[in-house]
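Visitor: So I've got this file, entry-v1.cif, and it contains mmCIF, C-alpha atoms:
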data_data
loop_
_atom_site.label_atom_id
_atom_site.label_comp_id
_atom_site.auth_asym_id
_atom_site.auth_seq_id
_atom_site.Cartn_x
_atom_site.Cartn_y
_atom_site.Cartn_z
CA MET A 1469 156.06 85.21 39.73
CA GLU A 1470 152.50 84.45 40.63
CA GLU A 1471 151.39 87.52 38.71
CA ASN A 1472 153.15 86.28 35.58
CA ASN A 1473 151.44 82.94 35.88
CA ASN A 1474 148.01 84.58 36.09
CA LYS A 1475 148.69 86.60 32.94
CA ALA A 1476 149.75 83.48 31.13
CA LYS A 1477 146.53 81.73 32.12
CA LEU A 1478 144.42 84.66 30.98
CA LEU A 1479 146.27 84.76 27.65
CA THR A 1480 145.81 81.04 27.16
CA PHE A 1481 142.08 81.30 27.97
CA GLY A 1482 141.70 84.24 25.60
CA ILE A 1483 143.41 82.40 22.79
CA ALA A 1484 141.18 79.36 23.42
CA VAL A 1485 138.04 81.52 23.28
CA VAL A 1486 139.18 83.16 20.07
CA LEU A 1487 139.92 79.76 18.55
CA ILE A 1488 136.50 78.49 19.61
CA LEU A 1489 134.86 81.56 18.08
CA ILE A 1490 136.82 81.10 14.88
CA ILE A 1491 135.87 77.41 14.69
CA CYS A 1492 132.17 78.26 15.32
CA GLY A 1493 132.29 80.91 12.65
CA ILE A 1494 133.86 78.57 10.15
CA SER A 1495 131.22 75.88 11.01
CA MET A 1496 128.38 78.35 10.50
CA VAL A 1497 129.81 79.39 7.15
CA ILE A 1498 130.16 75.76 6.07
CA TYR A 1499 126.60 74.97 7.28
CA ALA A 1500 125.21 77.94 5.41
CA LEU A 1501 127.01 76.90 2.26
CA ASN A 1502 125.69 73.35 2.60
CA ARG A 1503 122.10 74.61 3.11
CA ARG A 1504 122.42 76.73 0.03
CA GLY A 1505 123.73 73.76 -1.90
CA ASP A 1506 120.90 71.58 -0.67
CA ARG A 1507 118.32 74.18 -1.68
CA GLU A 1508 119.87 74.54 -5.08
CA ALA A 1509 119.98 70.76 -5.55
CA SER A 1510 116.37 70.42 -4.40
CA GLN A 1511 115.24 73.20 -6.69
CA ALA A 1512 117.19 71.61 -9.54
CA LEU A 1513 115.48 68.29 -8.89
CA GLN A 1514 112.05 69.96 -8.88
CA ASP A 1515 112.91 71.81 -12.04
CA ASP A 1516 113.97 68.54 -13.65
CA ILE A 1517 110.65 66.89 -12.63
CA MET A 1518 108.62 69.80 -13.98
CA ASN A 1519 110.61 69.83 -17.19
CA TYR A 1520 110.01 66.07 -17.61
CA ALA A 1521 106.32 66.50 -17.03
CA ASN A 1522 106.14 69.38 -19.47
CA THR A 1523 108.13 67.44 -22.01
CA SER A 1524 105.84 64.42 -21.63
CA GLN A 1525 102.78 66.61 -21.98
CA GLU A 1526 104.22 68.19 -25.09
CA GLN A 1527 105.00 64.75 -26.48
CA ASN A 1528 101.42 63.60 -25.79
CA VAL A 1529 99.99 66.68 -27.46
CA THR A 1530 102.31 66.17 -30.38
CA ALA A 1531 101.27 62.54 -30.67
CA GLN A 1532 97.58 63.53 -30.63
CA GLU A 1533 98.22 66.17 -33.28
CA ILE A 1534 100.08 63.67 -35.43
CA THR A 1535 97.20 61.19 -35.04
CA LYS A 1536 94.73 63.85 -36.11
CA GLU A 1537 96.87 64.71 -39.09
CA GLU A 1538 97.16 61.06 -40.06
CA GLU A 1539 93.40 60.47 -39.64
CA PRO A 1540 91.69 63.54 -41.10
CA GLU A 1541 88.48 61.55 -41.76
CA ASP A 1542 87.72 61.24 -38.03
CA SER A 1543 85.47 64.26 -38.01
CA ALA A 1544 82.84 64.81 -35.33
CA GLU A 1545 80.22 63.51 -37.74
CA ASN A 1546 82.18 60.32 -38.47
CA LEU A 1547 82.90 59.81 -34.77
CA GLU A 1548 79.18 60.08 -34.02
CA GLU A 1549 78.45 57.48 -36.68
CA GLU A 1550 81.01 55.13 -35.15
CA THR A 1551 79.63 55.43 -31.61
CA GLN A 1552 75.98 55.01 -32.58
CA PRO A 1553 74.68 51.42 -32.81
CA GLU A 1554 74.05 50.26 -36.33
CA GLN A 1555 70.33 50.31 -37.11
CA GLU A 1556 68.85 47.46 -39.04
CA ALA A 1557 67.18 48.52 -42.24
CA GLU A 1558 63.53 47.60 -42.44
CA PRO A 1559 63.27 44.60 -44.77
CA ALA A 1560 61.56 45.27 -48.06
CA LEU A 1561 58.70 43.23 -49.41
CA PRO A 1562 59.64 40.73 -52.10
CA GLU A 1563 59.23 41.82 -55.66
CA THR A 1564 55.92 40.51 -56.98
CA GLY A 1565 55.95 42.30 -60.30
CA GLU A 1566 52.81 44.28 -59.52
CA GLU A 1567 51.34 46.47 -56.80
CA GLN A 1568 49.34 44.52 -54.22
CA ALA A 1569 47.18 47.41 -53.03
CA MET A 1570 44.15 48.46 -55.05
CA VAL A 1571 43.46 51.88 -53.62
CA VAL A 1572 39.77 52.72 -53.29
CA LYS A 1573 39.02 56.39 -53.85
CA GLU A 1574 36.70 58.20 -51.51
CA GLU A 1575 33.54 59.29 -53.30
CA GLU A 1576 30.64 61.46 -52.23
CA ASN A 1577 27.67 59.30 -51.39
CA THR A 1578 24.17 60.68 -51.41
CA GLN A 1579 22.69 57.92 -49.22
CA THR A 1580 21.37 59.10 -45.91
CA THR A 1581 21.16 55.62 -44.40
CA THR A 1582 23.99 53.30 -43.40
CA ILE A 1583 24.62 49.96 -45.04
CA MET A 1584 23.41 48.12 -41.94
CA GLU A 1585 20.21 50.15 -41.91
CA GLU A 1586 19.64 49.32 -45.57
CA GLU A 1587 20.11 45.60 -44.86
CA ALA A 1588 17.61 45.75 -42.00
CA VAL A 1589 15.04 47.45 -44.26
CA LYS A 1590 15.62 44.85 -46.97
CA GLN A 1591 14.97 42.01 -44.57
CA GLN A 1592 11.87 43.71 -43.22
CA GLU A 1593 10.47 44.34 -46.71
CA SER A 1594 11.15 40.77 -47.82
CA GLY A 1595 9.17 39.41 -44.90
CA ILE A 1596 11.59 36.51 -44.65
CA GLN A 1597 13.01 35.95 -41.20
CA LYS A 1598 16.67 34.92 -41.30
CA THR A 1599 17.04 31.62 -39.49
CA THR A 1600 20.72 30.94 -40.01
CA ALA A 1601 23.53 32.33 -37.86
CA LYS A 1602 25.51 35.21 -39.28
CA TRP A 1603 28.51 32.93 -39.87
CA GLN A 1604 26.43 30.56 -42.02
CA LYS A 1605 25.84 30.99 -45.74
CA ASP A 1606 22.29 31.21 -46.99
CA ALA A 1607 21.04 28.30 -49.07
CA GLY A 1608 21.77 28.89 -52.75
CA GLU A 1609 23.92 31.92 -51.98
CA ASP A 1610 25.51 33.48 -55.06
CA LEU A 1611 27.90 36.25 -54.07
CA SER A 1612 28.85 36.90 -57.69
CA ALA A 1613 25.39 38.43 -58.20
CA VAL A 1614 25.66 40.78 -55.21
CA GLU A 1615 26.19 44.45 -56.02
CA ILE A 1616 29.05 46.12 -54.21
CA ASP A 1617 30.10 49.73 -53.68
CA LEU A 1618 33.69 49.59 -52.50
CA SER A 1619 34.05 53.27 -51.70
CA ARG A 1620 30.96 53.33 -49.52
CA GLN A 1621 31.61 49.98 -47.89
CA MET A 1622 35.24 50.70 -47.02
CA SER A 1623 34.39 54.18 -45.79
CA GLU A 1624 31.65 52.94 -43.47
CA MET A 1625 33.72 50.10 -42.03
CA LYS A 1626 36.72 52.39 -41.51
CA GLY A 1627 34.50 54.79 -39.60
CA TYR A 1628 33.35 52.07 -37.20
CA TRP A 1629 36.91 50.86 -36.76
CA GLU A 1630 38.09 54.36 -35.92
CA ALA A 1631 35.30 54.60 -33.37
CA LYS A 1632 36.42 51.23 -31.91
CA ASN A 1633 32.93 49.84 -32.54
CA MET A 1634 34.04 46.29 -33.30
CA GLU A 1635 30.52 44.88 -33.03
CA ALA A 1636 29.50 47.04 -35.99
CA VAL A 1637 32.68 46.04 -37.88
CA GLU A 1638 31.76 42.38 -37.33
CA ASP A 1639 28.16 42.90 -38.46
CA LEU A 1640 29.38 44.52 -41.68
CA ALA A 1641 31.98 41.83 -42.37
CA TYR A 1642 29.30 39.11 -42.38
CA LEU A 1643 26.98 40.97 -44.78
CA PRO A 1644 26.80 39.51 -48.33
CA ARG A 1645 28.07 42.66 -50.02
CA TYR A 1646 31.25 42.67 -47.93
CA ARG A 1647 31.85 38.96 -48.42
CA ALA A 1648 31.19 39.41 -52.15
CA ALA A 1649 33.89 42.10 -52.34
CA SER A 1650 36.34 39.88 -50.45
CA GLU A 1651 35.55 36.90 -52.68
CA LYS A 1652 36.69 38.85 -55.75
CA LEU A 1653 40.22 38.71 -54.28
CA ASN A 1654 40.28 34.91 -53.88
CA GLY A 1655 43.51 33.27 -55.00
CA THR A 1656 45.57 36.48 -54.74
CA THR A 1657 47.49 38.47 -52.15
CA LYS A 1658 45.95 41.68 -53.49
CA TYR A 1659 43.77 43.83 -51.27
CA TYR A 1660 41.44 46.80 -51.43
CA TYR A 1661 42.81 49.76 -49.51
CA PHE A 1662 41.07 52.85 -48.13
CA GLY A 1663 43.14 55.44 -46.28
CA ASP A 1664 46.31 57.54 -46.37
CA THR A 1665 48.80 57.13 -49.21
CA ASP A 1666 52.22 58.47 -50.17
CA GLY A 1667 53.28 60.23 -53.36
CA ASP A 1668 53.45 56.90 -55.18
CA LYS A 1669 49.86 56.03 -54.21
CA ARG A 1670 51.03 53.34 -51.79
CA PRO A 1671 49.40 52.81 -48.40
CA ASN A 1672 51.24 55.06 -45.97
CA GLY A 1673 49.81 56.31 -42.68
CA MET A 1674 46.50 55.02 -41.33
CA GLY A 1675 44.19 52.90 -43.39
CA LEU A 1676 41.88 49.92 -43.83
CA ALA A 1677 42.55 46.90 -46.06
CA MET A 1678 40.19 44.14 -47.19
CA TYR A 1679 41.72 40.82 -48.29
CA ALA A 1680 40.41 37.53 -49.63
CA ASP A 1681 39.04 34.98 -47.17
CA ASN A 1682 37.16 37.65 -45.17
CA GLN A 1683 40.33 39.16 -43.77
CA TYR A 1684 40.76 42.81 -42.75
CA TYR A 1685 43.50 45.00 -41.34
CA TYR A 1686 43.19 48.45 -39.85
CA GLY A 1687 46.18 50.39 -38.58
CA GLU A 1688 49.48 51.91 -39.59
CA TRP A 1689 51.25 51.46 -42.93
CA LYS A 1690 54.64 52.41 -44.32
CA ASN A 1691 55.74 52.26 -47.95
CA GLY A 1692 52.89 49.95 -48.94
CA ALA A 1693 53.28 47.45 -46.07
CA ARG A 1694 51.64 46.97 -42.70
CA SER A 1695 54.08 48.61 -40.33
CA GLY A 1696 53.53 50.03 -36.84
CA ASN A 1697 50.48 49.32 -34.71
CA GLY A 1698 47.45 47.60 -36.16
CA MET A 1699 44.82 44.89 -35.93
CA TRP A 1700 44.13 42.01 -38.31
CA ILE A 1701 40.94 39.92 -38.22
CA LYS A 1702 39.66 36.94 -40.13
CA TYR A 1703 35.88 36.29 -40.02
CA TYR A 1704 34.90 32.66 -40.59
CA VAL A 1705 31.91 31.67 -42.72
CA TYR A 1706 30.59 28.10 -43.03
CA ASP A 1707 28.09 26.18 -45.12
CA GLN A 1708 24.89 25.30 -43.31
CA ASN A 1709 25.70 21.60 -43.47
CA ALA A 1710 29.21 21.97 -42.01
CA ASN A 1711 30.01 19.62 -39.16
CA ALA A 1712 30.22 21.22 -35.75
CA LYS A 1713 33.79 20.03 -35.22
CA ASP A 1714 34.79 21.71 -38.51
CA SER A 1715 33.18 25.03 -37.61
CA ILE A 1716 34.40 26.01 -34.16
CA TYR A 1717 36.01 29.38 -34.99
CA LEU A 1718 34.13 32.64 -35.26
CA GLN A 1719 37.09 35.02 -35.51
CA HIS A 1720 40.86 34.91 -35.51
CA SER A 1721 42.78 38.12 -34.84
CA TYR A 1722 46.16 39.65 -34.07
CA SER A 1723 46.60 43.05 -32.47
CA GLY A 1724 50.00 44.63 -31.90
CA THR A 1725 53.09 45.77 -33.75
CA TRP A 1726 53.91 45.02 -37.39
CA ALA A 1727 56.89 45.25 -39.74
CA ASN A 1728 57.46 43.96 -43.27
CA ASP A 1729 53.70 43.28 -43.56
CA LEU A 1730 53.82 40.69 -40.73
CA PRO A 1731 53.39 40.65 -36.95
CA ASN A 1732 56.75 41.70 -35.50
CA GLY A 1733 57.25 42.72 -31.89
CA GLU A 1734 54.85 42.73 -28.97
CA GLY A 1735 51.31 41.61 -29.70
CA ALA A 1736 48.38 39.36 -28.89
CA GLU A 1737 46.77 36.65 -31.01
CA HIS A 1738 43.14 35.85 -30.17
CA TYR A 1739 40.44 33.34 -31.18
CA ASP A 1740 36.68 33.65 -30.71
CA PHE A 1741 34.76 30.38 -30.77
CA ILE A 1742 31.24 29.27 -31.64
CA ASP A 1743 30.54 27.89 -28.19
CA GLU A 1744 27.76 25.50 -29.19
CA ASN A 1745 30.15 23.74 -31.58
CA LEU A 1746 32.89 23.11 -29.04
CA GLU A 1747 33.47 19.54 -27.92
CA ALA A 1748 32.56 18.81 -24.33
CA GLU A 1749 35.49 18.69 -21.90
CA ALA A 1750 37.91 19.79 -24.64
CA ALA A 1751 40.12 22.85 -24.11
CA TYR A 1752 41.07 25.26 -26.90
CA ASN A 1753 43.95 27.72 -26.77
CA ARG A 1754 42.45 31.17 -27.06
CA ASN A 1755 45.10 33.85 -26.42
CA PHE A 1756 48.81 33.98 -27.22
CA ILE A 1757 50.43 37.09 -25.76
CA GLY A 1758 54.10 37.96 -26.12
CA ASN A 1759 56.65 38.58 -28.85
CA PHE A 1760 56.31 37.74 -32.55
CA LYS A 1761 58.89 37.55 -35.32
CA ASP A 1762 57.74 37.47 -38.96
CA GLY A 1763 54.35 36.22 -37.78
CA LEU A 1764 55.81 33.45 -35.59
CA TYR A 1765 56.04 33.08 -31.82
CA HIS A 1766 59.46 34.21 -30.65
CA GLY A 1767 60.29 34.43 -26.95
CA GLU A 1768 58.22 33.76 -23.86
CA ILE A 1769 54.50 33.44 -24.64
CA TYR A 1770 51.63 33.71 -22.15
CA ILE A 1771 48.66 31.52 -23.14
CA THR A 1772 45.07 31.08 -21.99
CA ASN A 1773 42.76 28.31 -23.11
CA TYR A 1774 39.01 27.92 -23.04
CA ASN A 1775 36.39 25.17 -22.99
CA SER A 1776 32.65 24.90 -23.57
CA ASP A 1777 31.73 25.42 -19.92
CA GLY A 1778 33.62 28.73 -19.85
CA ASN A 1779 36.52 27.62 -17.66
CA THR A 1780 39.98 28.93 -18.47
CA LYS A 1781 43.56 28.03 -17.61
CA GLU A 1782 46.82 29.97 -17.86
CA TRP A 1783 49.96 28.59 -19.46
CA SER A 1784 53.45 29.62 -20.48
CA GLY A 1785 55.96 28.47 -23.08
CA THR A 1786 59.03 29.72 -24.90
CA ALA A 1787 59.41 29.67 -28.68
CA LYS A 1788 62.23 30.46 -31.06
CA ASN A 1789 61.35 31.37 -34.64
CA GLY A 1790 58.06 29.51 -34.37
CA VAL A 1791 59.44 26.39 -32.66
CA TRP A 1792 58.37 25.65 -29.09
CA GLN A 1793 61.34 24.86 -26.87
CA PRO A 1794 60.93 21.43 -25.20
CA LEU A 1795 60.34 21.38 -21.44
CA GLY A 1796 61.11 17.67 -21.05
CA LYS A 1797 61.91 14.41 -22.77
CA VAL A 1798 59.96 12.76 -25.57
CA ASP A 1799 57.32 10.28 -24.40
CA ALA A 1800 56.38 6.87 -25.85
CA ASN A 1801 54.07 8.56 -28.39
CA GLY A 1802 56.85 10.73 -29.79
CA GLN A 1803 55.58 13.89 -28.13
CA TYR A 1804 57.32 16.22 -25.72
CA PRO A 1805 56.04 18.92 -23.34
CA ILE A 1806 56.13 22.46 -24.74
CA ILE A 1807 53.74 24.52 -22.59
CA VAL A 1808 53.35 24.36 -18.80
CA ASP A 1809 50.37 25.15 -16.58
CA LEU A 1810 51.23 28.29 -14.58
CA PHE A 1811 49.53 26.89 -11.47
CA ASN A 1812 50.52 23.24 -11.84
CA GLU A 1813 54.09 22.63 -12.91
CA ASP A 1814 53.33 18.94 -13.53
CA ASN A 1815 50.66 19.71 -16.14
CA TYR A 1816 51.81 20.24 -19.73
CA GLN A 1817 50.58 20.60 -23.27
CA TRP A 1818 52.38 18.16 -25.58
CA MET A 1819 53.28 18.24 -29.28
CA ALA A 1820 54.92 15.90 -31.77
CA GLU A 1821 58.30 17.07 -33.01
CA LYS A 1822 57.27 16.97 -36.68
CA GLU A 1823 54.37 19.36 -35.91
CA ASN A 1824 56.52 21.80 -33.97
CA LYS A 1825 57.34 24.28 -36.70
CA ASN A 1826 55.92 27.57 -38.03
CA GLN A 1827 53.94 28.08 -34.82
CA GLY A 1828 52.38 31.52 -35.04
CA VAL A 1829 49.55 33.48 -36.64
CA SER A 1830 48.20 31.02 -39.20
CA GLY A 1831 46.25 31.84 -42.36
CA LEU A 1832 47.49 35.43 -42.58
CA ILE A 1833 47.51 36.73 -46.17
CA SER A 1834 50.71 38.64 -46.88
CA ALA A 1835 52.85 39.33 -49.92
CA ALA A 1836 55.86 38.85 -47.61
CA LYS A 1837 54.90 35.32 -46.62
CA VAL A 1838 52.23 33.74 -48.76
CA GLY A 1839 50.23 30.88 -47.30
CA MET A 1840 51.84 31.07 -43.90
#
What is this structure when it is put down as structure tokens?
Guide:
Amino acid sequence: MEENNNKAKLLTFGIAVVLILIICGISMVIYALNRRGDREASQALQDDIMNYANTSQEQNVTAQEITKEEEPEDSAENLEEETQPEQEAEPALPETGEEQAMVVKEEENTQTTTIMEEEAVKQQESGIQKTTAKWQKDAGEDLSAVEIDLSRQMSEMKGYWEAKNMEAVEDLAYLPRYRAASEKLNGTTKYYYFGDTDGDKRPNGMGLAMYADNQYYYGEWKNGARSGNGMWIKYYVYDQNANAKDSIYLQHSYSGTWANDLPNGEGAEHYDFIDENLEAEAAYNRNFIGNFKDGLYHGEIYITNYNSDGNTKEWSGTAKNGVWQPLGKVDANGQYPIIVDLFNEDNYQWMAEKENKNQGVSGLISAAKVGM
């Protein structure tokens, strides 16, 4: 009986083990199937993402291609033109109906002496000692009777200018034959020109010009106008009986950049004075350094002034198209401060509002701006 019970227990245990094994096997199969399903679902999701990305990329490419087809004019050349800043065309000189430049041809000269040497010999042979200053006219002077040789005169002055011998340039400019040549241009904006020209015989390159009123320019030219770097000078000449207060200037010059026949860009305006004619304790503005626009002050300007005892001061002001920008309120005399002392912010130069216009290089002869 006991033996039968033991067999029954063993059979029951065996059946239980088999059932457990079957259940474990079924679980493993189900787990494996689920893993496979998960992998397939994950792979499907990744495939869907990749397909979406590829589709989007294809759509973008297609859109770009369509844009290119719709805009065939957007070539590389046109795109370059669009991205480059638009350049301002250089303004042309106003039509005057005739050419301003009278080009002086270079001629072979047989003289072995310079013009200045000839003048020195003349004075020595005459035995008359010149008593007037070089900026004063001789008594009874008649420039219309003075013989001139434009080719030789312009060639010699250009040579000194090229050598940066401005003392010699000044000495020539005050000689009667140079002033006589300049006087022939009075009342016009025409000028004698000696230098490089283009195919149309217009000043182009480097050259020297002589104007009326004892004015000269040496520097760069383009298409018949002063353009580039150059220097302009006016030499003053006075009658012997001129009042001192009316004859204080010796020279007036501008050196810097030019465009459209006028100072444009960075430059410096300068005055030389006849010291003995300056009023005592009076100060005179001597240098204006900064930016110029069509001959006028435009932007911040650095200024120095000068008086008869040789003392100088430094100043600063800001201008816009030749109008000084006020630095304070109008006073009781109708003037306002326009320029401030760099070392004393309470010290100003003042100007009446009605006078505050066209502040720049005065007296400059130009076909672009006559009588500036």
Visitor: Name the residues in contact with A:Asn1826 at a cut-off of 10 Å, using only C-alpha atoms, excluding same-chain residues fewer than 3 positions from it; report them as a list in words.
Guide: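 The residues satisfying every condition are Gly1763, Leu1764, Tyr1765, Lys1788, Asn1789, Gly1790, Val1791, Trp1792, Glu1823, Val1829, Ser1830 and Met1840 of chain A.
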Visitor: Between A:Ala1649, A:Ile1742, A:Glu1635, A:Gly1673, which has the minimum distance to A:Trp1603 (counting only C-alpha atoms)?
Guide: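 Smallest separation from A:Trp1603 among the options: A:Ile1742.
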Visitor: Which neighbours of A:Lys1837 fall inside 9 Å, counting all atoms listed in the file, when residues of the same chain fewer than 2 positions from it are skipped, and could you give them as a list in words?
Guide: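 So, after excluding close chain neighbours, the residues are Asp1729, Leu1730, Asp1762, Gly1763, Leu1832, Ile1833, Ser1834, Ala1835, Gly1839 and Met1840 of chain A.
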Visitor: Given the file shown, determine the residues that the PyMOL selection byres ((chain A and resi 1655-1662) around 9) selects; report them as a VMD selection string.
Guide: chain A and resid 1567 to 1574 1618 to 1619 1622 to 1623 1626 1649 to 1650 1652 to 1654 1663 to 1665 1671 1674 to 1680 1833 to 1835 1838
Visitor: Could you give me the axis-aligned bounding box of stretch 1771-1787 of chain A, with 6 Å of padding per side, as centre plus edge lengths in Å to one decimal, as AutoDock Vina command-line options?
Guide:
--center_x 45.6 --center_y 28.2 --center_z -23.1 --size_x 39.7 --size_y 18.6 --size_z 23.1
Visitor: Determine the residue set returned by the PyMOL selection byres ((chain A and resi 1816) around 7) for the present structure, and present it as a PyMOL selection string.
Guide: chain A and resi 1805-1809+1814-1815+1817-1818
Visitor: Env of stretch 1697-1710 of chain A: 6 Å cut, atoms = all atoms listed in the file, seq-sep filter 5 positions within chain, self excluded. Answer as a ChimeraX atom specification.
Guide: /A:1603-1605,1682-1688,1718-1725
Visitor: Could you dump the residues just selected with C-alpha atoms as a PDB file, in the frame of the given file?
Guide:
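Final output, saved to selection.pdb:
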ATOM      1  CA  TRP A1603      28.510  32.930 -39.870  1.00  0.00           C
ATOM      2  CA  GLN A1604      26.430  30.560 -42.020  1.00  0.00           C
ATOM      3  CA  LYS A1605      25.840  30.990 -45.740  1.00  0.00           C
ATOM      4  CA  ASN A1682      37.160  37.650 -45.170  1.00  0.00           C
ATOM      5  CA  GLN A1683      40.330  39.160 -43.770  1.00  0.00           C
ATOM      6  CA  TYR A1684      40.760  42.810 -42.750  1.00  0.00           C
ATOM      7  CA  TYR A1685      43.500  45.000 -41.340  1.00  0.00           C
ATOM      8  CA  TYR A1686      43.190  48.450 -39.850  1.00  0.00           C
ATOM      9  CA  GLY A1687      46.180  50.390 -38.580  1.00  0.00           C
ATOM     10  CA  GLU A1688      49.480  51.910 -39.590  1.00  0.00           C
ATOM     11  CA  LEU A1718      34.130  32.640 -35.260  1.00  0.00           C
ATOM     12  CA  GLN A1719      37.090  35.020 -35.510  1.00  0.00           C
ATOM     13  CA  HIS A1720      40.860  34.910 -35.510  1.00  0.00           C
ATOM     14  CA  SER A1721      42.780  38.120 -34.840  1.00  0.00           C
ATOM     15  CA  TYR A1722      46.160  39.650 -34.070  1.00  0.00           C
ATOM     16  CA  SER A1723      46.600  43.050 -32.470  1.00  0.00           C
ATOM     17  CA  GLY A1724      50.000  44.630 -31.900  1.00  0.00           C
ATOM     18  CA  THR A1725      53.090  45.770 -33.750  1.00  0.00           C
TER      19      THR A1725
END
Visitor: Give me, as a ChimeraX atom specification, all polymer residues having an atom no more than 7 Å from stretch 1666-1670 of chain A, counting all atoms listed in the file and skipping those fewer than 2 positions away in the same chain.
Guide: /A:1672,1691-1692
Visitor: Care to translate the PyMOL selection byres ((chain A and resi 1575-1591) around 12) into actual residues of this file, as JSON, numbers by chain?
Guide: {"A": [1572, 1573, 1574, 1592, 1593, 1594, 1595, 1596, 1597, 1598, 1599, 1616, 1617, 1618, 1619, 1620, 1621, 1622, 1623, 1624, 1625, 1627, 1628, 1635, 1636, 1637, 1638, 1639, 1640, 1641, 1642, 1643, 1644, 1645, 1646, 1662]}
Visitor: So that I have them on file, write out the residues from the current selection with C-alpha atoms, as a CSV table (one decimal), in the frame of the given file.
Guide:
chain,number,residue,atom,x,y,z
A,1572,VAL,CA,39.8,52.7,-53.3
A,1573,LYS,CA,39.0,56.4,-53.8
A,1574,GLU,CA,36.7,58.2,-51.5
A,1592,GLN,CA,11.9,43.7,-43.2
A,1593,GLU,CA,10.5,44.3,-46.7
A,1594,SER,CA,11.2,40.8,-47.8
A,1595,GLY,CA,9.2,39.4,-44.9
A,1596,ILE,CA,11.6,36.5,-44.6
A,1597,GLN,CA,13.0,36.0,-41.2
A,1598,LYS,CA,16.7,34.9,-41.3
A,1599,THR,CA,17.0,31.6,-39.5
A,1616,ILE,CA,29.0,46.1,-54.2
A,1617,ASP,CA,30.1,49.7,-53.7
A,1618,LEU,CA,33.7,49.6,-52.5
A,1619,SER,CA,34.0,53.3,-51.7
A,1620,ARG,CA,31.0,53.3,-49.5
A,1621,GLN,CA,31.6,50.0,-47.9
A,1622,MET,CA,35.2,50.7,-47.0
A,1623,SER,CA,34.4,54.2,-45.8
A,1624,GLU,CA,31.6,52.9,-43.5
A,1625,MET,CA,33.7,50.1,-42.0
A,1627,GLY,CA,34.5,54.8,-39.6
A,1628,TYR,CA,33.4,52.1,-37.2
A,1635,GLU,CA,30.5,44.9,-33.0
A,1636,ALA,CA,29.5,47.0,-36.0
A,1637,VAL,CA,32.7,46.0,-37.9
A,1638,GLU,CA,31.8,42.4,-37.3
A,1639,ASP,CA,28.2,42.9,-38.5
A,1640,LEU,CA,29.4,44.5,-41.7
A,1641,ALA,CA,32.0,41.8,-42.4
A,1642,TYR,CA,29.3,39.1,-42.4
A,1643,LEU,CA,27.0,41.0,-44.8
A,1644,PRO,CA,26.8,39.5,-48.3
A,1645,ARG,CA,28.1,42.7,-50.0
A,1646,TYR,CA,31.2,42.7,-47.9
A,1662,PHE,CA,41.1,52.8,-48.1
Visitor: Tell me which of A:Ala1631, A:Met1819, A:Ala1648, A:Ala1750 sits closest to A:Glu1615, counting all atoms listed in the file.
Guide: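 Between A:Ala1631, A:Met1819, A:Ala1648, A:Ala1750, the residue approaching A:Glu1615 most closely is A:Ala1648.
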Visitor: Just give me the gap between atom CA of A:Glu1821 and atom CA of A:Val1798 in Å, one decimal is fine.
Guide: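 Answer for the atom CA of A:Glu1821 to atom CA of A:Val1798 separation: 8.8 Å.
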Visitor: Around the point (42.5, 24.9, -29.4) in the file's coordinates, collect all residues with an atom within 9 Å, using only C-alpha atoms, and return them as a PDB file with C-alpha atoms, in the frame of the given file.
Guide:
ATOM      1  CA  TYR A1739      40.440  33.340 -31.180  1.00  0.00           C
ATOM      2  CA  ALA A1750      37.910  19.790 -24.640  1.00  0.00           C
ATOM      3  CA  ALA A1751      40.120  22.850 -24.110  1.00  0.00           C
ATOM      4  CA  TYR A1752      41.070  25.260 -26.900  1.00  0.00           C
ATOM      5  CA  ASN A1753      43.950  27.720 -26.770  1.00  0.00           C
ATOM      6  CA  ARG A1754      42.450  31.170 -27.060  1.00  0.00           C
ATOM      7  CA  ASN A1773      42.760  28.310 -23.110  1.00  0.00           C
ATOM      8  CA  TYR A1774      39.010  27.920 -23.040  1.00  0.00           C
ATOM      9  CA  ASN A1775      36.390  25.170 -22.990  1.00  0.00           C
TER      10      ASN A1775
END
Visitor: Within 10 Å of A:Phe1811, counting all atoms listed in the file, which residues show up once you throw out same-chain ones fewer than 5 positions away? Write them as a PDB file with C-alpha atoms, in the frame of the given file, please.
Guide:
ATOM      1  CA  LYS A1781      43.560  28.030 -17.610  1.00  0.00           C
ATOM      2  CA  GLU A1782      46.820  29.970 -17.860  1.00  0.00           C
ATOM      3  CA  TRP A1783      49.960  28.590 -19.460  1.00  0.00           C
TER       4      TRP A1783
END
